[in-house]
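Participant: Compact mmCIF, C-alpha atoms, saved as input39.txt, coming up:
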```txt
# COMPACT_ATOMS: atom_id res chain seq x y z
CA TRP G 1 20.65 48.10 38.59
CA GLU G 2 17.47 46.33 39.71
CA LYS G 3 16.64 44.85 43.11
CA SER G 4 13.92 42.83 44.81
CA HIS G 5 13.47 42.90 48.56
CA LEU G 6 11.69 40.90 51.27
CA GLY G 7 8.54 38.83 51.38
CA LYS G 8 7.59 35.40 50.04
CA GLY G 9 4.13 36.33 48.80
CA ALA G 10 2.47 39.18 46.90
CA ASP G 11 4.59 42.28 47.56
CA GLU G 12 3.91 45.78 46.27
CA ALA G 13 5.71 49.12 46.56
CA PHE G 14 3.49 52.22 46.73
CA SER G 15 5.91 55.13 47.10
CA VAL G 16 9.62 55.93 46.76
CA ALA G 17 11.55 59.10 47.62
CA ASN G 18 15.14 60.29 47.42
CA THR G 19 17.08 60.60 50.68
CA PHE G 20 19.74 63.13 51.58
CA ASP G 21 22.50 60.51 51.52
CA GLY G 22 21.79 59.65 47.87
CA GLY G 23 19.74 56.56 48.72
CA TYR G 24 16.02 55.85 48.73
CA ILE G 25 13.13 55.30 51.12
CA ILE G 26 10.31 52.98 49.97
CA THR G 27 6.97 52.05 51.46
CA GLY G 28 4.53 49.35 50.38
CA THR G 29 3.10 45.94 51.28
CA MET G 30 5.08 42.81 52.08
CA ASN G 31 3.51 39.41 52.69
CA ASN G 32 5.80 37.71 55.19
CA THR G 33 4.45 34.21 55.77
CA THR G 34 6.95 33.58 58.58
CA THR G 35 5.30 36.10 60.91
CA ALA G 36 1.58 36.17 60.08
CA PRO G 37 -0.85 34.98 57.40
CA ASN G 38 -2.06 38.55 56.78
CA GLN G 39 -0.38 41.22 54.71
CA TYR G 40 1.50 43.92 56.52
CA HIS G 41 3.15 47.00 55.12
CA GLY G 42 6.85 47.77 55.19
CA LEU G 43 9.26 50.66 55.14
CA LEU G 44 12.62 50.03 53.45
CA LYS G 45 15.72 52.22 53.45
CA LEU G 46 18.07 51.56 50.52
CA THR G 47 21.54 52.79 49.64
CA SER G 48 22.30 54.52 46.34
CA ASN G 49 22.93 51.12 44.71
CA GLY G 50 19.72 49.56 46.03
CA THR G 51 21.17 47.59 48.96
CA MET G 52 18.79 47.47 51.91
CA GLN G 53 20.07 49.25 55.05
CA TRP G 54 17.04 48.58 57.26
CA SER G 55 13.34 47.81 57.14
CA LYS G 56 10.40 48.51 59.47
CA PRO G 57 6.97 46.81 59.69
CA ILE G 58 5.24 50.17 59.23
CA ASN G 59 2.06 50.63 57.21
CA GLY G 60 2.46 53.25 54.51
CA GLN G 61 0.89 54.54 51.31
CA TRP G 62 3.36 57.44 50.90
CA VAL G 63 6.70 58.40 52.43
CA ILE G 64 8.91 61.48 52.33
CA GLN G 65 12.14 62.48 54.01
CA THR G 66 11.64 65.48 56.26
CA ALA G 67 13.80 68.55 56.82
CA ASP G 68 15.28 67.13 60.04
CA SER G 69 16.57 64.03 58.14
CA GLY G 70 13.75 61.85 59.48
CA TYR G 71 10.70 60.61 57.59
CA ALA G 72 6.93 61.12 57.42
CA VAL G 73 4.66 58.23 56.44
CA ILE G 74 0.93 58.33 55.78
CA SER G 75 -1.02 55.09 56.14
CA LEU G 76 -4.47 53.59 55.73
CA GLN G 77 -5.42 51.83 58.98
CA LYS G 78 -8.54 51.06 60.97
CA GLY G 79 -9.67 52.55 64.25
CA GLN G 80 -8.03 54.52 67.07
CA LYS G 81 -10.26 57.60 66.77
CA THR G 82 -12.56 56.18 69.49
CA GLN G 83 -12.78 52.91 71.42
CA THR G 84 -15.50 51.69 69.04
CA ASP G 85 -14.07 53.08 65.81
CA VAL G 86 -13.59 50.40 63.13
CA SER G 87 -13.39 52.71 60.11
CA ASP G 88 -10.34 53.43 57.95
CA ASN G 89 -8.47 56.60 58.93
CA TYR G 90 -5.40 58.64 58.02
CA PHE G 91 -2.46 57.48 60.16
CA ILE G 92 0.34 60.06 59.96
CA ARG G 93 3.66 58.98 61.47
CA LYS G 94 6.78 61.02 62.07
CA LEU G 95 9.91 58.86 62.21
CA ASP G 96 13.51 59.64 63.05
CA VAL G 97 16.47 59.06 60.71
CA ASN G 98 16.57 55.36 61.69
CA GLY G 99 12.87 54.79 61.01
CA ASP G 100 11.86 54.72 64.68
CA SER G 101 8.62 56.41 65.76
CA VAL G 102 8.63 60.02 67.02
CA TRP G 103 4.87 60.64 67.01
CA LEU G 104 1.60 59.37 65.51
CA LYS G 105 -1.44 61.42 64.55
CA VAL G 106 -4.75 59.77 63.53
CA VAL G 107 -7.32 61.89 61.67
CA GLY G 108 -10.64 61.03 60.04
CA GLY G 109 -14.33 60.44 60.64
CA SER G 110 -16.65 57.56 61.49
CA ALA G 111 -16.84 56.41 57.83
CA ASN G 112 -13.87 55.26 55.75
CA ASP G 113 -11.09 57.73 54.92
CA LYS G 114 -8.38 56.80 52.40
CA PRO G 115 -5.07 58.70 52.42
CA THR G 116 -3.06 59.03 49.22
CA CYS G 117 -0.01 61.23 49.87
CA ILE G 118 1.73 63.61 52.24
CA LEU G 119 4.19 66.50 51.83
CA GLN G 120 6.05 68.84 54.15
CA THR G 121 5.01 72.47 53.78
CA VAL G 122 7.23 75.54 53.79
CA ASP G 123 6.12 76.45 57.35
CA GLY G 124 7.41 73.11 58.67
CA GLY G 125 4.01 71.43 58.92
CA TYR G 126 2.46 68.72 56.78
CA LEU G 127 -0.32 68.48 54.20
CA ALA G 128 -2.04 65.10 53.84
CA ALA G 129 -4.42 64.33 50.96
CA GLY G 130 -6.79 61.54 50.04
CA ALA G 131 -10.53 60.79 50.07
CA THR G 132 -13.27 60.54 52.69
CA LEU G 133 -16.79 59.19 53.08
CA SER G 134 -17.11 60.84 56.50
CA ASN G 135 -18.95 63.96 57.65
CA ASP G 136 -18.08 64.04 61.36
CA TRP G 137 -15.18 64.17 63.83
CA ASP G 138 -12.29 65.69 61.86
CA VAL G 139 -14.29 65.88 58.59
CA SER G 140 -16.91 68.52 57.77
CA GLY G 141 -18.87 69.59 54.71
CA ASN G 142 -19.18 66.27 52.85
CA ASN G 143 -20.74 66.86 49.41
CA GLY G 144 -22.09 63.34 48.96
CA SER G 145 -20.40 59.96 48.54
CA ALA G 146 -16.57 60.20 48.48
CA ASP G 147 -14.92 63.62 48.58
CA GLY G 148 -11.31 64.62 48.19
CA TRP G 149 -10.02 65.55 51.67
CA MET G 150 -6.88 67.45 52.66
CA VAL G 151 -5.62 67.89 56.22
CA LYS G 152 -3.01 70.46 57.31
CA LEU G 153 -0.90 69.68 60.38
CA GLY G 154 0.86 72.63 61.96
CA PHE G 155 4.47 73.37 62.82
CA PRO G 156 4.59 71.87 66.36
CA SER G 157 4.21 68.36 64.94
CA SER G 158 6.79 68.78 62.22
CA GLY G 159 10.11 68.27 63.97
CA LEU G 160 11.51 71.15 61.94
CA HIS G 161 12.40 72.94 65.18
CA ASN G 162 15.18 70.36 65.59
CA VAL G 163 16.99 71.80 62.56
CA ARG G 164 19.69 74.25 63.56
CA PRO G 165 19.03 77.69 61.97
CA ILE G 166 21.41 78.51 59.15
CA ALA G 167 22.78 82.04 58.86
CA VAL G 168 23.20 82.30 55.10
CA ASN G 169 21.95 84.92 52.69
CA VAL G 170 20.08 83.73 49.60
CA TYR G 171 19.69 86.43 46.96
CA PRO G 172 17.92 87.61 44.95
CA ASN G 173 14.71 86.11 46.34
CA PRO G 174 12.40 86.14 44.42
CA THR G 175 14.61 85.33 41.44
CA SER G 176 14.20 84.87 37.71
CA SER G 177 17.39 82.89 37.07
CA THR G 178 20.63 82.98 39.10
CA VAL G 179 20.66 82.56 42.90
CA TYR G 180 23.69 83.38 45.06
CA PHE G 181 24.66 82.20 48.55
CA SER G 182 26.85 84.16 50.96
CA GLU G 183 29.10 81.11 51.47
CA PRO G 184 29.75 77.74 49.75
CA LEU G 185 27.10 75.18 50.75
CA ASN G 186 25.69 71.77 49.94
CA VAL G 187 22.12 72.33 48.74
CA GLN G 188 19.13 70.45 47.36
CA VAL G 189 16.50 72.27 45.31
CA MET G 190 13.08 70.74 46.04
CA ASN G 191 9.51 71.30 44.93
CA LEU G 192 6.63 71.40 47.42
CA MET G 193 5.94 67.68 46.84
CA GLY G 194 9.26 66.98 48.51
CA GLU G 195 10.91 65.86 45.25
CA VAL G 196 14.60 66.69 44.87
CA LEU G 197 15.06 68.49 41.55
CA GLU G 198 18.76 69.28 41.88
CA ASN G 199 21.58 68.38 44.27
CA LYS G 200 24.72 70.54 44.43
CA ARG G 201 27.73 70.34 46.73
CA ASN G 202 30.00 73.18 47.86
CA VAL G 203 28.46 75.85 45.63
CA LYS G 204 27.78 79.58 45.99
CA VAL G 205 25.59 79.84 42.86
CA ILE G 206 22.68 77.85 41.43
CA GLN G 207 20.65 78.40 38.27
CA MET G 208 16.84 78.42 38.31
CA ASP G 209 16.15 79.54 34.73
CA ASP G 210 15.33 75.97 33.63
CA LYS G 211 12.57 75.62 36.24
CA PRO G 212 8.97 76.86 36.02
CA ASN G 213 7.77 79.76 38.11
CA GLY G 214 6.67 78.79 41.60
CA VAL G 215 7.79 78.19 45.18
CA TYR G 216 10.77 75.95 45.94
CA LEU G 217 12.65 74.79 49.02
CA LEU G 218 16.42 75.07 49.36
CA ARG G 219 17.57 72.39 51.78
CA PHE G 220 21.11 72.84 53.05
CA TYR G 221 23.08 69.92 54.50
CA ASN G 222 26.54 69.24 55.86
CA ASP G 223 29.10 66.77 54.52
CA SER G 224 27.59 64.00 56.69
CA GLY G 225 24.19 64.45 55.00
CA VAL G 226 22.53 66.07 58.04
CA VAL G 227 20.19 68.96 57.21
CA ILE G 228 21.36 72.26 58.69
CA GLY G 229 18.66 74.56 57.35
CA VAL G 230 15.80 75.11 54.93
CA LYS G 231 14.89 78.28 53.08
CA GLN G 232 12.02 79.11 50.76
CA LEU G 233 12.80 80.43 47.27
CA VAL G 234 10.35 82.02 44.84
CA LYS G 235 10.98 81.78 41.09
CA ASN G 236 9.12 84.31 38.92
```
Rewrite the coordinates I just gave you, this time as structure tokens.
Facilitator:
Amino acid sequence: WEKSHLGKGADEAFSVANTFDGGYIITGTMNNTTTAPNQYHGLLKLTSNGTMQWSKPINGQWVIQTADSGYAVISLQKGQKTQTDVSDNYFIRKLDVNGDSVWLKVVGGSANDKPTCILQTVDGGYLAAGATLSNDWDVSGNNGSADGWMVKLGFPSSGLHNVRPIAVNVYPNPTSSTVYFSEPLNVQVMNLMGEVLENKRNVKVIQMDDKPNGVYLLRFYNDSGVVIGVKQLVKN
């Protein structure tokens, strides 16, 4: 299938990610001439066949679904570090499953900072990456002109504490091929970019021999698509 959504002007999608329910979450720019002459960015939730479920006027360069079934969006926006700040900064938003705001974190310096992507880390925090011209406030050690800049946000901001702990054994871990669970589960195998590599339902065994060595996340969910736990798996 193919779909087009929203806007009457120049529209552009920047990022798309799989969602636990088999659908998609997309962020990009939409030029809606009925609300304002300026471009604004949008967040769109689609079903598995591309039908739009909801949209939000949220600025975003990159979006992921988080372990608690919500979303994290990183945006390029001006200001909010100080009352006089007019520079571009990293805007990191945590949203709930319906796309409504949970919290907002703004990081950057007095010069322009340009975010590129965000991922959720195995400790439940977030890692944001992009570029910076700054050398003050949240930024230190600029090497001249634009530098690549990564920011780690810790566990308290992640929302992962809302996920009910899952009492399941995953073995062997580390593994070289076959992984066993102590009970049948729905599971997604993810890389650390938040990409879903495999989705299995009601299984006690998964195979990892076709995947390169590294660290993966096993995200377990119930039959309603709600995440019930996340475990780290090492393939060697």
Participant: Give me the residues near Thr84 (chain G) as an NGL selection string, where near means some atom within 10 Å (using only C-alpha atoms) and where sequence neighbours in that chain fewer than 4 positions away do not count.
Facilitator: :G and (79-80 or 110)
Participant: Please compute the CA of Ala111 (chain G)-CA of Leu133 (chain G) distance, one decimal, in Å.
Facilitator: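 Those two atoms sit 5.5 Å apart.
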Participant: Counting all atoms listed in the file, figure out which residue out of G:Asp147, G:Asp68, G:Asp209, G:Glu198 gets nearest to Leu95 (chain G).
Facilitator: G:Asp68
Participant: Set out as a tab-separated table a contact list for region 60-175 of chain G and region 215-223 of chain G with a cut-off of 10 Å, giving each residue of region 60-175 of chain G that qualifies its closest atom pair and distance in Å to one decimal, counting all atoms listed in the file, ordered by chain and rising residue number.
Facilitator:
```
residue	atom	partner	partner_atom	distance
G:Ala67	CA	G:Arg219	CA	7.4
G:Asp68	CA	G:Tyr221	CA	10.0
G:Ser69	CA	G:Tyr221	CA	9.5
G:Thr121	CA	G:Leu217	CA	9.3
G:Val122	CA	G:Leu217	CA	7.3
G:Ile166	CA	G:Phe220	CA	8.3
G:Val168	CA	G:Phe220	CA	9.9
G:Val170	CA	G:Leu218	CA	9.4
G:Pro174	CA	G:Val215	CA	9.2
```
Participant: So what do you get for CA of Val187 (chain G) versus CA of Lys200 (chain G), distance-wise?
Facilitator: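 Going from CA of Val187 (chain G) over to CA of Lys200 (chain G) covers 5.3 Å.
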Participant: Do a neighbour search on Ile58 (chain G) at 10 Å with all atoms listed in the file, toss out local chain neighbours closer than 3 positions, and write the hits as a list of chain:residue names.
Facilitator: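 That gives G:Thr27, G:Gly28, G:Thr29, G:Tyr40, G:His41, G:Gly42, G:Leu43, G:Leu44, G:Ser55, G:Val73, G:Ile74, G:Ser75, G:Arg93, G:Gly99, G:Asp100, G:Ser101.
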Participant: For the residues selected in the previous step, produce a file with C-alpha atoms as a PDB file, in the coordinates of the input.
Facilitator:
```pdb
ATOM      1  CA  THR G  27       6.970  52.050  51.460  1.00  0.00           C
ATOM      2  CA  GLY G  28       4.530  49.350  50.380  1.00  0.00           C
ATOM      3  CA  THR G  29       3.100  45.940  51.280  1.00  0.00           C
ATOM      4  CA  TYR G  40       1.500  43.920  56.520  1.00  0.00           C
ATOM      5  CA  HIS G  41       3.150  47.000  55.120  1.00  0.00           C
ATOM      6  CA  GLY G  42       6.850  47.770  55.190  1.00  0.00           C
ATOM      7  CA  LEU G  43       9.260  50.660  55.140  1.00  0.00           C
ATOM      8  CA  LEU G  44      12.620  50.030  53.450  1.00  0.00           C
ATOM      9  CA  SER G  55      13.340  47.810  57.140  1.00  0.00           C
ATOM     10  CA  VAL G  73       4.660  58.230  56.440  1.00  0.00           C
ATOM     11  CA  ILE G  74       0.930  58.330  55.780  1.00  0.00           C
ATOM     12  CA  SER G  75      -1.020  55.090  56.140  1.00  0.00           C
ATOM     13  CA  ARG G  93       3.660  58.980  61.470  1.00  0.00           C
ATOM     14  CA  GLY G  99      12.870  54.790  61.010  1.00  0.00           C
ATOM     15  CA  ASP G 100      11.860  54.720  64.680  1.00  0.00           C
ATOM     16  CA  SER G 101       8.620  56.410  65.760  1.00  0.00           C
TER      17      SER G 101
END
```
Participant: So how far away is CA of Gly124 (chain G) from CA of Phe20 (chain G), in Å?
Facilitator: 17.4 Å
Participant: Which residue, G:Lys94, G:Lys231, G:Lys211, G:Lys152, has the smallest gap to Thr178 (chain G) when you use only C-alpha atoms?
Facilitator: G:Lys211
Participant: Measuring between only C-alpha atoms, which one of G:Gly141, G:Gly130, G:Gly50, G:Gly125 shows the shortest distance to Leu192 (chain G)?
Facilitator: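 Under the stated criterion, the closest residue is G:Gly125.
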Participant: Which one of G:Val97, G:Cys117, G:Leu127, G:Ile26 sits closest to Trp62 (chain G) if you count all atoms listed in the file?
Facilitator: G:Cys117
Participant: The centre and edge lengths of an axis-aligned box containing all atoms of region 61-75 of chain G present in the file, extended by 5 Å on each side, are to be given in Å to one decimal, as lines of an AutoDock Vina configuration file.
Facilitator:
```
center_x = 7.8
center_y = 61.5
center_z = 55.5
size_x = 27.6
size_y = 24.0
size_z = 19.1
```
Participant: Out of G:Lys56, G:Lys235, G:Lys45, G:His5, which residue has the shortest atom-to-atom distance to Asp210 (chain G) when counting only C-alpha atoms?
Facilitator: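 Smallest separation from Asp210 (chain G) among the options: G:Lys235.
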